[in-house]
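A.B. asks: This is the structure, below, for whatever I ask next.
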Amino acid sequence: MAKTLKKLVSCVILDLDGTLLNTDGVVSEVLKGFLPKYGKQWDGREAKKIIGKTPLEAAAAVVEEYGLPCGKDEFLSELYPVFSAQLCNIKPLPGANRLLKHLSGHGVPMALASNSSRGNIESKISYQGWRDYFSVIVGGDEVTAGKPSPEIFLEAAKRLNREPSSCLVIEDSILGVTAGKAAGMEVVAVPSVPKQTDLYIPAADEVINSLLDLQPEKWGLPPFQDWIKGTLPTEPWYIGSPVIKGFGRGSKVLGIPTANLSTEGHSSLLSEHPSGVYFGWAGLSTRGVYKMVMSIGWNPYFNNTEKTIEPWLLHEFNEDFYGEELRLVIVGYIRPEVNFPSLESLIAKIHEDRRIAERALDLPLYSKHKDDPYLNSSLHSERNHA
């Protein structure tokens with residue numbers, strides 16, 4: 001997979017919220033329910049400003065932006081119990097469990113360095129069963145200055161008994177990336193805010209779309225061995241809705257008849273899964289089950305403003321099926337979403353994705369999901385699995 005060794009490292013220091021855990025989604029849900037108390041509606045405009053900050057800094061940003069009639073300390077004290085009650089609902093981000101098991105299994109020392117308080121960190125990782133993975137945990141309340149100060153990472157390296165230059169930091173926020181580089185460490189950025197990759201490129205040593213795309217061997221760490229014929233098996237997840245008219249570019253511009261799904265009601269599912277190319281099985285209520293490859297994301301070449309779901313059923317149909325119920329079982333991952341220099345190169349890559357998916361779906365590992373009852377059910381119900 002990886003062609004170039006960037007630098008040898010001997011340990012990994014990870015951020016927690018937005019890097020390993022999908023905390024942002026729960027924070028948004030809590031604020032949606034809490035702000036109406038003040039006659040306000042959470043619209044997400046503060047999301048970019050609170051990522052990577054300490055809880056008090058994040059509270060101050062929300063209070064200021066929404067003009068709340070309370071101080072940041074009062075707001076935080078009111079919000080904190082509500083958020084704490086939701087800790088059990090925070091899900092690992094795709095690739096998080098895989099990465100932690102992999103590094104732990106190979107004896108790579110790991111530390112957590114988060115602007116959250118130590119107690120808050122301990123609570124979150126206890127729900128996930130992750131405590132034993134980390135030999136060191138440093139919270140924002142254990143240092144004099146949080147990120148973007150390098151102090152929290154330097155303290156983690158000190159407790160790991162490692163030189164900063166031998167540490168690899170994995171971070172989702174600009175503040176965290178800045179802190180890691182200021183500490184003299186190698187930094188991989190996994191941006192948690194959509195369509196912001198360009199902001200990270202000058203600072204980070206590498207920017208990846210999600211933890212699924214991390215290649216540890218680039219840093220002298222043991223490589224993953226779970227890719228199969230250009231695909232990464234995932235836990236199956238499910239989505240379904242009537243087929244809608246898309247942008248009209250699938251057949252007309254690309255020569256590829258995608259069957260667009262409505263994203264309405266699927267916002268949480270879309271936030272859980274990183275943009276990229278996936279594959280699996282598609283069931284049409286009146287026609288049968290077919291191989292499928294699909295993109296989720298913003299399609300950078302066309303610069304979409306919304307995250308879309310665009311499956312391509314690998315079968316020749318004689319007619320459109322707008323309005324028909326389409327159900328998908330997604331069983332694997334192929335690659336991250338990227339931009340392309342030309343339409344021709346985009347089309348060529350999509351056809352390569354098709355060939356990879358078609359071959360992979362013949363493997364027993366993937367072909368067994370063709371018989372999933374969800375694909376054949378005539379009842380209109382929804383199942384979402386991360």
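Numbering starts fresh at 1 for the residues of each chain in the structure tokens, the chains themselves are lettered A, B, ... in the order given, and ligands are numbered from 1 as they appear.
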Neighbouring residues of Met292 in chain A were defined as those with any atom within 6 Å, considering only C-alpha atoms; residues of the same chain fewer than 4 positions away were excluded. Please report them as number ranges by chain.
C.D. replies: A: 279-282, 312-314
A.B. asks: Any chance you can output those residues with C-alpha atoms as a PDB file, in the first residue's frame?
C.D. replies:
ATOM      1  CA  PHE A 279     -19.349  -1.556  -2.085  1.00  0.00           C
ATOM      2  CA  GLY A 280     -21.887  -4.200  -1.230  1.00  0.00           C
ATOM      3  CA  TRP A 281     -25.289  -5.447  -2.287  1.00  0.00           C
ATOM      4  CA  ALA A 282     -28.370  -3.560  -3.471  1.00  0.00           C
ATOM      5  CA  TRP A 312     -24.071   2.300  -8.965  1.00  0.00           C
ATOM      6  CA  LEU A 313     -25.923  -0.987  -9.430  1.00  0.00           C
ATOM      7  CA  LEU A 314     -23.670  -3.217 -11.516  1.00  0.00           C
TER       8      LEU A 314
END
A.B. asks: Can you tell me, as a VMD selection string, which residues in range 162-308 of chain A count as alpha helix (DSSP H) by DSSP?
C.D. replies: chain A and resid 174 to 182 197 to 200 267 to 272
A.B. asks: Could you save those same residues with all heavy atoms as a short mmCIF file (atom, residue, chain, number, x, y, z; two decimals), in the first residue's frame?
C.D. replies:
data_model
loop_
_atom_site.label_atom_id
_atom_site.label_comp_id
_atom_site.auth_asym_id
_atom_site.auth_seq_id
_atom_site.Cartn_x
_atom_site.Cartn_y
_atom_site.Cartn_z
N ILE A 174 -7.15 21.56 13.83
CA ILE A 174 -6.02 22.44 13.53
C ILE A 174 -5.24 22.74 14.79
O ILE A 174 -4.00 22.78 14.79
CB ILE A 174 -6.51 23.75 12.87
CG1 ILE A 174 -7.06 23.48 11.46
CG2 ILE A 174 -5.40 24.78 12.82
CD1 ILE A 174 -5.99 23.13 10.43
N LEU A 175 -5.95 22.96 15.90
CA LEU A 175 -5.28 23.25 17.17
C LEU A 175 -4.36 22.09 17.56
O LEU A 175 -3.23 22.31 18.01
CB LEU A 175 -6.31 23.49 18.27
CG LEU A 175 -7.21 24.72 18.14
CD1 LEU A 175 -8.22 24.76 19.29
CD2 LEU A 175 -6.37 25.99 18.14
N GLY A 176 -4.84 20.87 17.40
CA GLY A 176 -4.05 19.70 17.76
C GLY A 176 -2.86 19.49 16.85
O GLY A 176 -1.77 19.14 17.30
N VAL A 177 -3.07 19.70 15.55
CA VAL A 177 -1.97 19.58 14.58
C VAL A 177 -0.88 20.60 14.90
O VAL A 177 0.31 20.29 14.91
CB VAL A 177 -2.50 19.77 13.14
CG1 VAL A 177 -1.34 19.89 12.16
CG2 VAL A 177 -3.40 18.60 12.74
N THR A 178 -1.30 21.83 15.18
CA THR A 178 -0.35 22.89 15.52
C THR A 178 0.44 22.53 16.77
O THR A 178 1.67 22.71 16.83
CB THR A 178 -1.10 24.22 15.76
OG1 THR A 178 -1.85 24.54 14.59
CG2 THR A 178 -0.14 25.35 16.08
N ALA A 179 -0.25 21.98 17.77
CA ALA A 179 0.41 21.59 19.02
C ALA A 179 1.42 20.47 18.79
O ALA A 179 2.54 20.50 19.32
CB ALA A 179 -0.64 21.15 20.04
N GLY A 180 1.04 19.47 17.99
CA GLY A 180 1.93 18.36 17.72
C GLY A 180 3.20 18.78 17.01
O GLY A 180 4.30 18.33 17.34
N LYS A 181 3.06 19.65 16.03
CA LYS A 181 4.25 20.12 15.29
C LYS A 181 5.13 21.00 16.18
O LYS A 181 6.36 20.94 16.13
CB LYS A 181 3.83 20.88 14.04
CG LYS A 181 3.21 20.01 12.94
CD LYS A 181 4.04 18.77 12.62
CE LYS A 181 5.43 19.09 12.09
NZ LYS A 181 6.22 17.84 11.86
N ALA A 182 4.48 21.82 17.03
CA ALA A 182 5.26 22.66 17.95
C ALA A 182 6.03 21.81 18.96
O ALA A 182 7.07 22.25 19.47
CB ALA A 182 4.33 23.62 18.69
N THR A 197 -9.70 20.19 4.13
CA THR A 197 -8.38 19.55 4.03
C THR A 197 -7.27 20.54 3.73
O THR A 197 -6.16 20.45 4.28
CB THR A 197 -8.41 18.45 2.94
OG1 THR A 197 -9.40 17.49 3.30
CG2 THR A 197 -7.06 17.77 2.83
N ASP A 198 -7.54 21.52 2.88
CA ASP A 198 -6.50 22.48 2.47
C ASP A 198 -5.92 23.24 3.66
O ASP A 198 -4.76 23.67 3.61
CB ASP A 198 -7.06 23.48 1.45
CG ASP A 198 -7.34 22.83 0.10
OD1 ASP A 198 -6.89 21.68 -0.09
OD2 ASP A 198 -8.00 23.46 -0.74
N LEU A 199 -6.71 23.41 4.71
CA LEU A 199 -6.23 24.14 5.88
C LEU A 199 -5.18 23.34 6.65
O LEU A 199 -4.36 23.91 7.37
CB LEU A 199 -7.40 24.47 6.81
CG LEU A 199 -8.53 25.33 6.24
CD1 LEU A 199 -9.63 25.51 7.29
CD2 LEU A 199 -7.99 26.69 5.80
N TYR A 200 -5.20 22.03 6.49
CA TYR A 200 -4.30 21.17 7.25
C TYR A 200 -2.98 20.90 6.53
O TYR A 200 -1.98 20.59 7.16
CB TYR A 200 -4.98 19.82 7.54
CG TYR A 200 -6.13 19.89 8.51
CD1 TYR A 200 -7.38 20.37 8.12
CD2 TYR A 200 -5.98 19.45 9.82
CE1 TYR A 200 -8.44 20.41 9.01
CE2 TYR A 200 -7.05 19.48 10.72
CZ TYR A 200 -8.27 19.97 10.30
OH TYR A 200 -9.33 20.02 11.18
N SER A 267 -28.93 11.80 8.37
CA SER A 267 -27.83 12.71 8.73
C SER A 267 -26.86 12.07 9.71
O SER A 267 -25.64 12.22 9.58
CB SER A 267 -28.39 14.01 9.32
OG SER A 267 -29.20 13.74 10.46
N SER A 268 -27.38 11.32 10.69
CA SER A 268 -26.48 10.70 11.66
C SER A 268 -25.63 9.61 11.01
O SER A 268 -24.44 9.47 11.29
CB SER A 268 -27.28 10.11 12.83
OG SER A 268 -28.17 9.11 12.39
N LEU A 269 -26.24 8.84 10.10
CA LEU A 269 -25.49 7.80 9.40
C LEU A 269 -24.40 8.40 8.53
O LEU A 269 -23.27 7.92 8.48
CB LEU A 269 -26.45 6.96 8.55
CG LEU A 269 -25.88 5.67 7.95
CD1 LEU A 269 -25.64 4.65 9.05
CD2 LEU A 269 -26.82 5.10 6.91
N LEU A 270 -24.73 9.50 7.85
CA LEU A 270 -23.75 10.16 6.99
C LEU A 270 -22.60 10.74 7.80
O LEU A 270 -21.46 10.78 7.34
CB LEU A 270 -24.42 11.26 6.17
CG LEU A 270 -25.28 10.78 5.00
CD1 LEU A 270 -26.03 11.95 4.38
CD2 LEU A 270 -24.43 10.10 3.93
N SER A 271 -22.89 11.21 9.01
CA SER A 271 -21.82 11.78 9.84
C SER A 271 -20.93 10.68 10.41
O SER A 271 -19.76 10.93 10.70
CB SER A 271 -22.41 12.61 10.98
OG SER A 271 -23.03 11.79 11.95
N GLU A 272 -21.47 9.48 10.56
CA GLU A 272 -20.69 8.37 11.12
C GLU A 272 -19.69 7.79 10.13
O GLU A 272 -18.65 7.28 10.52
CB GLU A 272 -21.62 7.25 11.59
CG GLU A 272 -22.43 7.58 12.83
CD GLU A 272 -23.46 6.50 13.12
OE1 GLU A 272 -23.25 5.36 12.65
OE2 GLU A 272 -24.45 6.81 13.79
#
A.B. asks: Near Ile125 in chain A, within 12 Å and counting only C-alpha atoms, which residues show up once chain neighbours fewer than 4 positions away are dropped, as a count of residues only?
C.D. replies: 27
A.B. asks: Go through A:Ile228, A:Leu261, A:Leu5, A:Ile296 one by one, measure the shortest atom-to-atom distance of each to Leu326 in chain A using only C-alpha atoms, and give the residue with the smallest value.
C.D. replies: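 Of A:Ile228, A:Leu261, A:Leu5, A:Ile296, the one nearest Leu326 in chain A is A:Leu261, counting only C-alpha atoms.
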A.B. asks: Restricting the calculation to only C-alpha atoms: of A:Ile330, A:Leu221, A:Leu8, A:Val338, which residue gets closest to Gly297 in chain A?
C.D. replies: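 Among A:Ile330, A:Leu221, A:Leu8, A:Val338, it is A:Val338 that comes nearest to Gly297 in chain A.
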A.B. asks: When DSSP is applied to the backbone of this structure, which of range 11-104 of chain A are assigned strand (DSSP E or B)? Write them out as an NGL selection string.
C.D. replies: :A and (11-14 or 17 or 21 or 92)
A.B. asks: What would the file look like if the residues just selected were written as a compact mmCIF listing (two decimals), in the first residue's frame with C-alpha atoms?
C.D. replies:
# COMPACT_ATOMS: atom_id res chain seq x y z
CA CYS A 11 5.07 5.34 19.68
CA VAL A 12 1.71 6.92 18.85
CA ILE A 13 -0.07 9.75 20.67
CA LEU A 14 -3.74 10.10 19.83
CA ASP A 17 -12.74 13.55 20.51
CA LEU A 21 -14.72 9.07 18.98
CA PRO A 92 -16.08 5.05 17.78
A.B. asks: Could I get the residues of range 141-255 of chain A with an atom no further than 8 Å from an atom of range 351-358 of chain A, each paired with its nearest atom pair and that distance in Å to one decimal, using only C-alpha atoms, sorted by chain and residue number, as a tab-separated table?
C.D. replies:
residue	atom	partner	partner_atom	distance
A:Lys229	CA	A:Ile356	CA	7.4
A:Gly230	CA	A:Ile356	CA	6.7
A:Thr231	CA	A:Ile356	CA	7.6
A.B. asks: Take the selection from the previous step and output its residues with all heavy atoms, as a PDB file, in the first residue's frame.
C.D. replies:
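What landed in result_28.pdb:
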ATOM      1  N   LYS A 229      -7.640  -8.032  -1.811  1.00  0.00           N
ATOM      2  CA  LYS A 229      -7.866  -7.707  -3.226  1.00  0.00           C
ATOM      3  C   LYS A 229      -8.334  -6.261  -3.412  1.00  0.00           C
ATOM      4  O   LYS A 229      -9.330  -5.986  -4.095  1.00  0.00           O
ATOM      5  CB  LYS A 229      -8.866  -8.680  -3.864  1.00  0.00           C
ATOM      6  CG  LYS A 229      -8.356 -10.113  -3.936  1.00  0.00           C
ATOM      7  CD  LYS A 229      -9.288 -11.005  -4.705  1.00  0.00           C
ATOM      8  CE  LYS A 229      -8.761 -12.430  -4.779  1.00  0.00           C
ATOM      9  NZ  LYS A 229      -7.471 -12.548  -5.482  1.00  0.00           N
ATOM     10  N   GLY A 230      -7.637  -5.344  -2.746  1.00  0.00           N
ATOM     11  CA  GLY A 230      -7.939  -3.922  -2.909  1.00  0.00           C
ATOM     12  C   GLY A 230      -9.141  -3.434  -2.126  1.00  0.00           C
ATOM     13  O   GLY A 230      -9.624  -2.324  -2.357  1.00  0.00           O
ATOM     14  N   THR A 231      -9.623  -4.265  -1.185  1.00  0.00           N
ATOM     15  CA  THR A 231     -10.796  -3.884  -0.394  1.00  0.00           C
ATOM     16  C   THR A 231     -10.534  -4.110   1.090  1.00  0.00           C
ATOM     17  O   THR A 231      -9.753  -4.988   1.476  1.00  0.00           O
ATOM     18  CB  THR A 231     -12.042  -4.700  -0.783  1.00  0.00           C
ATOM     19  OG1 THR A 231     -11.859  -6.072  -0.399  1.00  0.00           O
ATOM     20  CG2 THR A 231     -12.301  -4.614  -2.280  1.00  0.00           C
TER      21      THR A 231
END
A.B. asks: Need the shell around Leu328 in chain A: protein/DNA/RNA residues with any atom at most 10 Å away, counting only C-alpha atoms. Skip same-chain ones fewer than 3 positions apart. Format as a list in words?
C.D. replies: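 The filter keeps Pro236, Trp237, Tyr238, Ile239, Gly240, Ser241, Phe279, Gly280, Trp281, Ala282, Gly283, Leu284, Val289, Tyr290, Lys291, Met292, Met294, Pro311, Val331, Tyr374 and Leu375 of chain A.
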A.B. asks: Only N, CA and C atoms, please: the residues just picked out, written as a PDB file, in the first residue's frame.
C.D. replies:
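Okay, this is what ended up in out_23.pdb:
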ATOM      1  N   PRO A 236     -20.982  -4.821   8.367  1.00  0.00           N
ATOM      2  CA  PRO A 236     -22.049  -4.402   7.454  1.00  0.00           C
ATOM      3  C   PRO A 236     -22.880  -3.262   8.050  1.00  0.00           C
ATOM      4  N   TRP A 237     -23.226  -2.314   7.191  1.00  0.00           N
ATOM      5  CA  TRP A 237     -24.169  -1.279   7.621  1.00  0.00           C
ATOM      6  C   TRP A 237     -25.212  -1.087   6.532  1.00  0.00           C
ATOM      7  N   TYR A 238     -26.333  -0.518   6.922  1.00  0.00           N
ATOM      8  CA  TYR A 238     -27.538  -0.591   6.115  1.00  0.00           C
ATOM      9  C   TYR A 238     -28.135   0.792   5.879  1.00  0.00           C
ATOM     10  N   ILE A 239     -28.640   0.980   4.690  1.00  0.00           N
ATOM     11  CA  ILE A 239     -29.352   2.222   4.396  1.00  0.00           C
ATOM     12  C   ILE A 239     -30.357   1.948   3.275  1.00  0.00           C
ATOM     13  N   GLY A 240     -31.487   2.625   3.311  1.00  0.00           N
ATOM     14  CA  GLY A 240     -32.488   2.422   2.273  1.00  0.00           C
ATOM     15  C   GLY A 240     -33.440   3.593   2.160  1.00  0.00           C
ATOM     16  N   SER A 241     -33.895   3.841   0.944  1.00  0.00           N
ATOM     17  CA  SER A 241     -34.898   4.887   0.696  1.00  0.00           C
ATOM     18  C   SER A 241     -35.324   4.773  -0.764  1.00  0.00           C
ATOM     19  N   PHE A 279     -18.675  -0.602  -1.209  1.00  0.00           N
ATOM     20  CA  PHE A 279     -19.349  -1.556  -2.085  1.00  0.00           C
ATOM     21  C   PHE A 279     -20.172  -2.525  -1.256  1.00  0.00           C
ATOM     22  N   GLY A 280     -21.046  -3.234  -1.928  1.00  0.00           N
ATOM     23  CA  GLY A 280     -21.887  -4.200  -1.230  1.00  0.00           C
ATOM     24  C   GLY A 280     -22.986  -4.701  -2.135  1.00  0.00           C
ATOM     25  N   TRP A 281     -24.155  -4.892  -1.558  1.00  0.00           N
ATOM     26  CA  TRP A 281     -25.289  -5.447  -2.287  1.00  0.00           C
ATOM     27  C   TRP A 281     -26.466  -4.489  -2.250  1.00  0.00           C
ATOM     28  N   ALA A 282     -27.211  -4.448  -3.349  1.00  0.00           N
ATOM     29  CA  ALA A 282     -28.370  -3.560  -3.471  1.00  0.00           C
ATOM     30  C   ALA A 282     -29.605  -4.389  -3.781  1.00  0.00           C
ATOM     31  N   GLY A 283     -30.677  -4.103  -3.055  1.00  0.00           N
ATOM     32  CA  GLY A 283     -31.933  -4.799  -3.299  1.00  0.00           C
ATOM     33  C   GLY A 283     -33.010  -3.837  -3.759  1.00  0.00           C
ATOM     34  N   LEU A 284     -33.594  -4.104  -4.931  1.00  0.00           N
ATOM     35  CA  LEU A 284     -34.741  -3.338  -5.416  1.00  0.00           C
ATOM     36  C   LEU A 284     -35.999  -4.150  -5.131  1.00  0.00           C
ATOM     37  N   VAL A 289     -31.658  -8.604  -6.277  1.00  0.00           N
ATOM     38  CA  VAL A 289     -30.466  -8.157  -5.568  1.00  0.00           C
ATOM     39  C   VAL A 289     -29.295  -8.106  -6.541  1.00  0.00           C
ATOM     40  N   TYR A 290     -28.516  -7.020  -6.469  1.00  0.00           N
ATOM     41  CA  TYR A 290     -27.433  -6.784  -7.433  1.00  0.00           C
ATOM     42  C   TYR A 290     -26.154  -6.330  -6.728  1.00  0.00           C
ATOM     43  N   LYS A 291     -25.040  -6.591  -7.382  1.00  0.00           N
ATOM     44  CA  LYS A 291     -23.778  -6.034  -6.901  1.00  0.00           C
ATOM     45  C   LYS A 291     -23.843  -4.510  -6.997  1.00  0.00           C
ATOM     46  N   MET A 292     -23.099  -3.845  -6.097  1.00  0.00           N
ATOM     47  CA  MET A 292     -23.191  -2.396  -6.043  1.00  0.00           C
ATOM     48  C   MET A 292     -21.864  -1.798  -5.573  1.00  0.00           C
ATOM     49  N   MET A 294     -20.460   2.263  -4.528  1.00  0.00           N
ATOM     50  CA  MET A 294     -21.080   3.572  -4.313  1.00  0.00           C
ATOM     51  C   MET A 294     -20.095   4.579  -3.729  1.00  0.00           C
ATOM     52  N   PRO A 311     -25.120   5.258  -5.233  1.00  0.00           N
ATOM     53  CA  PRO A 311     -24.774   3.883  -5.581  1.00  0.00           C
ATOM     54  C   PRO A 311     -24.891   3.621  -7.093  1.00  0.00           C
ATOM     55  N   VAL A 331     -20.623  -3.594   2.721  1.00  0.00           N
ATOM     56  CA  VAL A 331     -19.798  -4.621   3.369  1.00  0.00           C
ATOM     57  C   VAL A 331     -18.306  -4.344   3.314  1.00  0.00           C
ATOM     58  N   TYR A 374     -32.556  -8.066   4.968  1.00  0.00           N
ATOM     59  CA  TYR A 374     -32.879  -6.648   4.765  1.00  0.00           C
ATOM     60  C   TYR A 374     -33.072  -6.327   3.284  1.00  0.00           C
ATOM     61  N   LEU A 375     -32.311  -6.979   2.428  1.00  0.00           N
ATOM     62  CA  LEU A 375     -32.381  -6.705   0.991  1.00  0.00           C
ATOM     63  C   LEU A 375     -33.680  -7.213   0.376  1.00  0.00           C
TER      64      LEU A 375
END
A.B. asks: Counting only C-alpha atoms, which residues of range 16-132 of chain A sit at most 12 Å from some atom of range 156-167 of chain A, and what is each one's closest atom pair with its distance in Å to one decimal, listed by chain and rising residue number, as CSV?
C.D. replies:
residue,atom,partner,partner_atom,distance
A:Val108,CA,A:Cys167,CA,10.9
A:Pro109,CA,A:Leu160,CA,7.6
A:Met110,CA,A:Leu160,CA,8.2
A:Ala111,CA,A:Ala156,CA,6.5
A:Leu112,CA,A:Ala156,CA,7.7
A:Ala113,CA,A:Ala156,CA,6.8
A:Ser114,CA,A:Ala156,CA,10.3
A.B. asks: Would you please work out which residue, of A:Val243, A:Ala183, A:Glu171, A:Ala259, is nearest to Glu151 in chain A when using only C-alpha atoms?
C.D. replies: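 So, comparing all the options, the nearest one is A:Ala183.
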